[in-house]
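Peer 1: protein_11.pdb is reproduced below (PDB, C-alpha atoms).
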```
ATOM      1  CA  MET A   1     -21.449  27.598 -14.920
ATOM      2  CA  ALA A   2     -18.303  28.648 -13.069
ATOM      3  CA  ARG A   3     -15.819  26.025 -11.891
ATOM      4  CA  GLU A   4     -12.362  25.907 -10.344
ATOM      5  CA  LEU A   5      -9.522  24.928 -12.659
ATOM      6  CA  PRO A   6      -5.732  24.552 -12.279
ATOM      7  CA  ILE A   7      -4.039  27.065 -14.571
ATOM      8  CA  PHE A   8      -0.844  26.517 -16.544
ATOM      9  CA  PRO A   9       0.222  29.936 -17.933
ATOM     10  CA  LEU A  10       2.138  29.476 -21.198
ATOM     11  CA  PRO A  11       3.151  31.612 -24.205
ATOM     12  CA  ILE A  12       0.819  29.624 -26.478
ATOM     13  CA  VAL A  13      -2.835  29.919 -27.499
ATOM     14  CA  LEU A  14      -4.633  26.565 -27.356
ATOM     15  CA  PHE A  15      -7.791  26.026 -29.434
ATOM     16  CA  PRO A  16     -10.532  23.424 -28.914
ATOM     17  CA  GLY A  17      -9.767  20.213 -30.783
ATOM     18  CA  ALA A  18      -6.115  21.150 -31.362
ATOM     19  CA  PRO A  19      -3.358  18.845 -30.024
ATOM     20  CA  GLN A  20      -0.702  20.459 -27.838
ATOM     21  CA  PRO A  21       2.411  18.577 -26.666
ATOM     22  CA  LEU A  22       3.975  19.910 -23.469
ATOM     23  CA  HIS A  23       7.215  19.279 -21.604
ATOM     24  CA  VAL A  24       6.628  19.578 -17.851
ATOM     25  CA  PHE A  25       9.713  20.196 -15.728
ATOM     26  CA  GLU A  26       8.969  22.779 -13.018
ATOM     27  CA  PRO A  27       8.128  21.156  -9.644
ATOM     28  CA  ARG A  28       4.861  23.092  -9.285
ATOM     29  CA  TYR A  29       3.618  21.928 -12.672
ATOM     30  CA  ARG A  30       4.749  18.382 -11.965
ATOM     31  CA  GLN A  31       2.380  18.590  -9.000
ATOM     32  CA  LEU A  32      -0.351  20.060 -11.223
ATOM     33  CA  LEU A  33       0.099  17.142 -13.616
ATOM     34  CA  ALA A  34      -0.092  14.580 -10.810
ATOM     35  CA  ASP A  35      -3.214  16.205  -9.338
ATOM     36  CA  CYS A  36      -4.938  16.358 -12.741
ATOM     37  CA  LEU A  37      -4.141  12.714 -13.494
ATOM     38  CA  ALA A  38      -5.676  11.783 -10.137
ATOM     39  CA  ALA A  39      -8.807  13.827 -10.941
ATOM     40  CA  ASP A  40     -10.465  14.567 -14.321
ATOM     41  CA  ARG A  41      -7.212  15.034 -16.348
ATOM     42  CA  ARG A  42      -8.077  18.661 -17.109
ATOM     43  CA  PHE A  43      -6.326  21.985 -16.534
ATOM     44  CA  GLY A  44      -6.454  25.398 -18.158
ATOM     45  CA  ILE A  45      -3.883  26.886 -20.528
ATOM     46  CA  ALA A  46      -3.919  30.680 -20.459
ATOM     47  CA  TYR A  47      -1.658  32.857 -22.585
ATOM     48  CA  ILE A  48       1.235  34.879 -21.175
ATOM     49  CA  PRO A  49       3.930  36.655 -23.225
ATOM     50  CA  ALA A  50       7.242  34.831 -23.674
ATOM     51  CA  GLU A  51       9.118  38.019 -22.777
ATOM     52  CA  ARG A  52       8.938  38.835 -19.092
ATOM     53  CA  ASP A  53      10.446  41.388 -16.723
ATOM     54  CA  ALA A  54      13.131  40.065 -14.396
ATOM     55  CA  GLY A  55      11.722  39.057 -11.024
ATOM     56  CA  VAL A  56       8.097  39.467 -12.125
ATOM     57  CA  GLU A  57       5.915  36.407 -12.686
ATOM     58  CA  PRO A  58       3.589  37.060 -15.641
ATOM     59  CA  LEU A  59       0.022  36.012 -14.965
ATOM     60  CA  PRO A  60      -3.200  35.984 -16.970
ATOM     61  CA  ARG A  61      -5.713  38.557 -15.745
ATOM     62  CA  PRO A  62      -9.385  38.272 -14.899
ATOM     63  CA  GLY A  63     -11.300  38.535 -18.165
ATOM     64  CA  ASP A  64      -8.619  36.754 -20.188
ATOM     65  CA  VAL A  65      -9.734  33.844 -22.367
ATOM     66  CA  GLY A  66      -8.054  30.428 -22.192
ATOM     67  CA  CYS A  67      -8.776  26.837 -23.137
ATOM     68  CA  VAL A  68      -9.228  23.674 -21.109
ATOM     69  CA  ALA A  69      -6.523  21.096 -21.912
ATOM     70  CA  VAL A  70      -7.383  17.402 -21.568
ATOM     71  CA  ILE A  71      -4.436  15.099 -20.865
ATOM     72  CA  ARG A  72      -4.399  12.316 -23.465
ATOM     73  CA  ASN A  73      -1.030  10.716 -22.810
ATOM     74  CA  THR A  74       1.961  11.134 -20.492
ATOM     75  CA  GLN A  75       5.523   9.870 -20.655
ATOM     76  CA  GLY A  76       7.405  10.081 -17.365
ATOM     77  CA  LEU A  77      11.163  10.611 -17.538
ATOM     78  CA  PRO A  78      13.702   9.264 -14.998
ATOM     79  CA  ASP A  79      14.451  12.707 -13.521
ATOM     80  CA  GLY A  80      10.782  13.522 -12.817
ATOM     81  CA  ARG A  81      10.079  15.541 -15.946
ATOM     82  CA  SER A  82       7.255  14.460 -18.273
ATOM     83  CA  ASN A  83       6.265  14.697 -21.907
ATOM     84  CA  VAL A  84       2.532  15.245 -22.097
ATOM     85  CA  LEU A  85       0.087  15.237 -24.990
ATOM     86  CA  THR A  86      -3.000  17.354 -24.431
ATOM     87  CA  VAL A  87      -5.957  18.310 -26.603
ATOM     88  CA  GLY A  88      -7.956  21.522 -26.319
ATOM     89  CA  GLU A  89     -11.518  21.153 -25.075
ATOM     90  CA  ARG A  90     -13.799  24.074 -24.111
ATOM     91  CA  ARG A  91     -12.813  27.720 -23.838
ATOM     92  CA  PHE A  92     -13.092  29.672 -20.631
ATOM     93  CA  VAL A  93     -13.013  33.191 -19.255
ATOM     94  CA  LEU A  94     -10.846  33.615 -16.165
ATOM     95  CA  ILE A  95     -13.049  35.154 -13.482
ATOM     96  CA  ASP A  96     -10.650  35.441 -10.545
ATOM     97  CA  TRP A  97      -7.862  33.651  -8.707
ATOM     98  CA  VAL A  98      -8.664  31.249  -5.882
ATOM     99  CA  SER A  99      -6.636  30.940  -2.671
ATOM    100  CA  SER A 100      -5.105  27.484  -2.450
ATOM    101  CA  ASP A 101      -2.373  25.543  -0.674
ATOM    102  CA  ARG A 102      -1.241  24.072  -3.992
ATOM    103  CA  PRO A 103       2.065  25.282  -5.500
ATOM    104  CA  TYR A 104       0.378  26.169  -8.800
ATOM    105  CA  ARG A 105      -2.359  28.696  -9.549
ATOM    106  CA  LEU A 106      -6.034  27.835  -9.233
ATOM    107  CA  ALA A 107      -8.706  30.006 -10.847
ATOM    108  CA  ARG A 108     -12.455  30.246 -10.979
ATOM    109  CA  VAL A 109     -13.402  30.114 -14.648
ATOM    110  CA  ASP A 110     -16.563  30.249 -16.734
ATOM    111  CA  GLU A 111     -16.535  27.877 -19.713
ATOM    112  CA  PHE A 112     -18.332  28.888 -22.904
ATOM    113  CA  ASP A 113     -19.166  27.729 -26.426
ATOM    114  CA  ASP A 114     -20.018  29.545 -29.628
ATOM    115  CA  GLU A 115     -23.464  30.949 -30.114
ATOM    116  CA  PRO A 116     -25.689  28.844 -32.420
ATOM    117  CA  VAL A 117     -24.886  29.227 -36.110
ATOM    118  CA  ASP A 118     -27.538  30.961 -38.180
ATOM    119  CA  ALA A 119     -28.453  28.561 -40.999
ATOM    120  CA  SER A 120     -28.738  31.350 -43.575
ATOM    121  CA  GLU A 121     -25.270  32.641 -42.729
ATOM    122  CA  ALA A 122     -23.852  29.125 -42.897
ATOM    123  CA  VAL A 123     -25.133  28.677 -46.445
ATOM    124  CA  THR A 124     -23.618  31.935 -47.713
ATOM    125  CA  ILE A 125     -20.089  30.974 -46.711
ATOM    126  CA  GLU A 126     -20.460  27.243 -47.597
ATOM    127  CA  LEU A 127     -19.526  25.801 -44.220
ATOM    128  CA  PRO A 128     -18.616  22.113 -43.986
ATOM    129  CA  ALA A 129     -20.359  19.703 -41.627
ATOM    130  CA  ASP A 130     -18.570  20.935 -38.487
ATOM    131  CA  PRO A 131     -17.739  24.616 -39.048
ATOM    132  CA  GLN A 132     -16.842  25.360 -35.422
ATOM    133  CA  LEU A 133     -14.157  22.661 -35.267
ATOM    134  CA  LEU A 134     -12.873  23.727 -38.686
ATOM    135  CA  SER A 135     -12.516  27.323 -37.521
ATOM    136  CA  PHE A 136     -10.529  26.239 -34.449
ATOM    137  CA  GLN A 137      -8.216  23.930 -36.408
ATOM    138  CA  VAL A 138      -7.479  26.547 -39.059
ATOM    139  CA  ALA A 139      -6.792  29.185 -36.398
ATOM    140  CA  ALA A 140      -4.468  26.812 -34.534
ATOM    141  CA  ALA A 141      -2.542  25.861 -37.690
ATOM    142  CA  LEU A 142      -1.940  29.389 -39.004
ATOM    143  CA  GLU A 143       1.243  31.220 -38.068
ATOM    144  CA  LEU A 144      -0.414  34.255 -36.512
ATOM    145  CA  PRO A 145       0.720  36.631 -33.763
ATOM    146  CA  PRO A 146      -0.491  35.570 -30.291
ATOM    147  CA  GLU A 147      -2.783  38.584 -30.028
ATOM    148  CA  ALA A 148      -4.556  37.602 -33.252
ATOM    149  CA  LYS A 149      -5.002  34.054 -31.989
ATOM    150  CA  ARG A 150      -6.302  35.302 -28.656
ATOM    151  CA  GLY A 151      -8.865  37.406 -30.495
ATOM    152  CA  LEU A 152     -10.032  34.391 -32.490
ATOM    153  CA  LEU A 153     -10.222  32.280 -29.346
ATOM    154  CA  ALA A 154     -12.438  34.852 -27.629
ATOM    155  CA  LEU A 155     -14.986  35.135 -30.466
ATOM    156  CA  ARG A 156     -18.291  33.443 -29.675
ATOM    157  CA  SER A 157     -19.582  33.338 -33.246
ATOM    158  CA  THR A 158     -18.382  30.620 -35.609
ATOM    159  CA  THR A 159     -19.360  32.736 -38.610
ATOM    160  CA  ALA A 160     -17.451  35.757 -37.299
ATOM    161  CA  ARG A 161     -14.395  33.587 -36.618
ATOM    162  CA  LEU A 162     -14.417  32.139 -40.131
ATOM    163  CA  ARG A 163     -14.813  35.585 -41.672
ATOM    164  CA  GLN A 164     -11.936  36.895 -39.560
ATOM    165  CA  LEU A 165      -9.815  33.932 -40.660
ATOM    166  CA  ALA A 166     -10.657  34.707 -44.284
ATOM    167  CA  THR A 167      -9.327  38.256 -43.906
ATOM    168  CA  LEU A 168      -6.174  36.948 -42.178
ATOM    169  CA  VAL A 169      -5.478  34.187 -44.691
ATOM    170  CA  GLY A 170      -5.461  36.507 -47.716
ATOM    171  CA  PRO A 171      -2.295  38.437 -46.753
ATOM    172  CA  LEU A 172      -0.593  35.202 -45.641
ATOM    173  CA  VAL A 173      -1.260  33.578 -49.012
ATOM    174  CA  ALA A 174      -0.080  36.673 -50.905
ATOM    175  CA  ASP A 175       3.130  36.762 -48.841
ATOM    176  CA  ALA A 176       3.746  33.048 -49.444
ATOM    177  CA  GLU A 177       3.254  33.550 -53.197
ATOM    178  CA  ARG A 178       5.732  36.455 -53.210
ATOM    179  CA  ARG A 179       8.333  34.400 -51.360
ATOM    180  CA  ALA A 180       7.814  31.455 -53.719
ATOM    181  CA  ALA A 181       8.314  33.730 -56.725
ATOM    182  CA  VAL A 182      11.521  35.142 -55.238
ATOM    183  CA  ARG A 183      12.853  31.636 -54.570
ATOM    184  CA  GLN A 184      12.009  30.572 -58.118
ATOM    185  CA  ARG A 185      13.856  33.576 -59.582
ATOM    186  CA  ALA A 186      16.834  32.889 -57.337
ATOM    187  CA  LYS A 187      16.975  29.263 -58.513
ATOM    188  CA  SER A 188      16.841  30.353 -62.137
ATOM    189  CA  ASN A 189      19.653  32.881 -61.673
ATOM    190  CA  GLY A 190      21.694  30.334 -59.758
ATOM    191  CA  ARG A 191      21.631  28.024 -62.777
ATOM    192  CA  GLY A 192      23.077  30.714 -65.027
ATOM    193  CA  GLY A 193      19.817  32.128 -66.351
ATOM    194  CA  PRO A 194      19.635  35.808 -67.317
ATOM    195  CA  HIS A 195      19.015  38.299 -64.538
ATOM    196  CA  PRO A 196      15.692  39.994 -65.387
ATOM    197  CA  GLN A 197      16.893  43.520 -64.554
ATOM    198  CA  ILE A 198      20.051  43.138 -66.625
ATOM    199  CA  GLU A 199      18.086  41.685 -69.518
ATOM    200  CA  GLN A 200      15.655  44.604 -69.444
ATOM    201  CA  ALA A 201      18.494  47.140 -69.319
ATOM    202  CA  THR A 202      20.052  45.863 -72.499
TER     203      THR A 202
END
```
Can you present the structure in this file as structure tokens?

Peer 2:
Amino acid sequence: MARELPIFPLPIVLFPGAPQPLHVFEPRYRQLLADCLAADRRFGIAYIPAERDAGVEPLPRPGDVGCVAVIRNTQGLPDGRSNVLTVGERRFVLIDWVSSDRPYRLARVDEFDDEPVDASEAVTIELPADPQLLSFQVAAALELPPEAKRGLLALRSTTARLRQLATLVGPLVADAERRAAVRQRAKSNGRGGPHPQIEQAT
């Protein structure tokens, strides 16, 4: 069911169940924070690129996927800024922008969950007790490009998300192993060990 939600555009992709600390300093988002604390403590985080054209405010577009952020804790600072701890809740699709007298953006959104997991598929990939939460936490923890994370956030199948994560993790692990091997060789050479190429040449 569609609902109205304050939107905080940020260059991050928030996943359900993932913690997200924020530092709020702009006056319009200070107002958003105050309004949310006076209501249900929820607002939407929708991705925008960190790079932006001068004089142009980047905005999410209708059809973009975001995540509801629930305010867990706030720490007000003397100058009006705040440190805020949020946690991702449900995902949403941005339907359209809503006219408002508030200084921040308000959107009509449609929240959604994953489709039910097929038991036979769950057995084949040995899912733990809560596969949906696992898939979100793994996606949030991996160092992936924003577009890859946005794609994972938009998927409505837990099984598809886990399979996509499996294909993404493989190259990351291989790269980490290569870097570890290079560091190990560098340490060995730094302690006066033989350089492998020189040793082979002789």

Peer 1: Taking (-16.6, 29.9, -17.7) in the file's own coordinates, collect the residues within 12 Å, counting all atoms listed in the file, and hand them back as an MDAnalysis selection string.

Peer 2: chainID A and resid 1:5 44 62:68 90:96 107:113 154

Peer 1: Have a look at A:Leu10, A:Leu106, A:Leu77, A:Val117 and name the one nearest to A:Ile45; count all atoms listed in the file.

Peer 2: A:Leu10

Peer 1: What would the list of residues within 12 Å of (-3.9, 39.5, -34.8) (file frame) look like as JSON, numbers by chain, if all atoms listed in the file are what count?

Peer 2: {"A": [139, 142, 143, 144, 145, 146, 147, 148, 149, 150, 151, 152, 153, 164, 165, 167, 168, 169]}

Peer 1: I'd like the residues picked by the PyMOL selection byres ((chain A and resi 74) around 9) written out as a ChimeraX atom specification, using the chain letters and numbers from the file.

Peer 2: /A:71-73,75-76,82-86

Peer 1: By how many Å are atom CA of A:Leu33 and atom CA of A:Tyr104 apart?

Peer 2: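 Taking atom CA of A:Leu33 and atom CA of A:Tyr104, their separation equals 10.2 Å.
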
Peer 1: Quick one, how far is atom CA of A:Leu162 from atom CA of A:Arg178?

Peer 2: 24.4 Å

Peer 1: Could you please determine the separation between atom CA of A:Phe136 and atom CA of A:Leu14 in Å, to one decimal place?

Peer 2: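 Computing it gives 9.2 Å between the two atoms.
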
Peer 1: Could you tell me which residues the PyMOL selection byres ((chain A and resi 59) around 7) grabs in this file, written as a list in words?

Peer 2: Pro9, Ile48, Glu57, Pro58, Pro60 and Arg61 of chain A

Peer 1: Can you tell me which residues surround A:Thr158 at a distance of at most 6 Å, considering only C-alpha atoms, apart from same-chain residues fewer than 2 positions away, and format the answer as a list of chain:residue names?

Peer 2: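 What passes the distance filter is A:Gln132, A:Ala160, A:Arg161.
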
Peer 1: I'd like to see the residues matched by the PyMOL selection byres ((chain A and resi 156) around 6) on this file, and ideally I'd get them as a PyMOL selection string.

Peer 2: chain A and resi 114-115+155+157
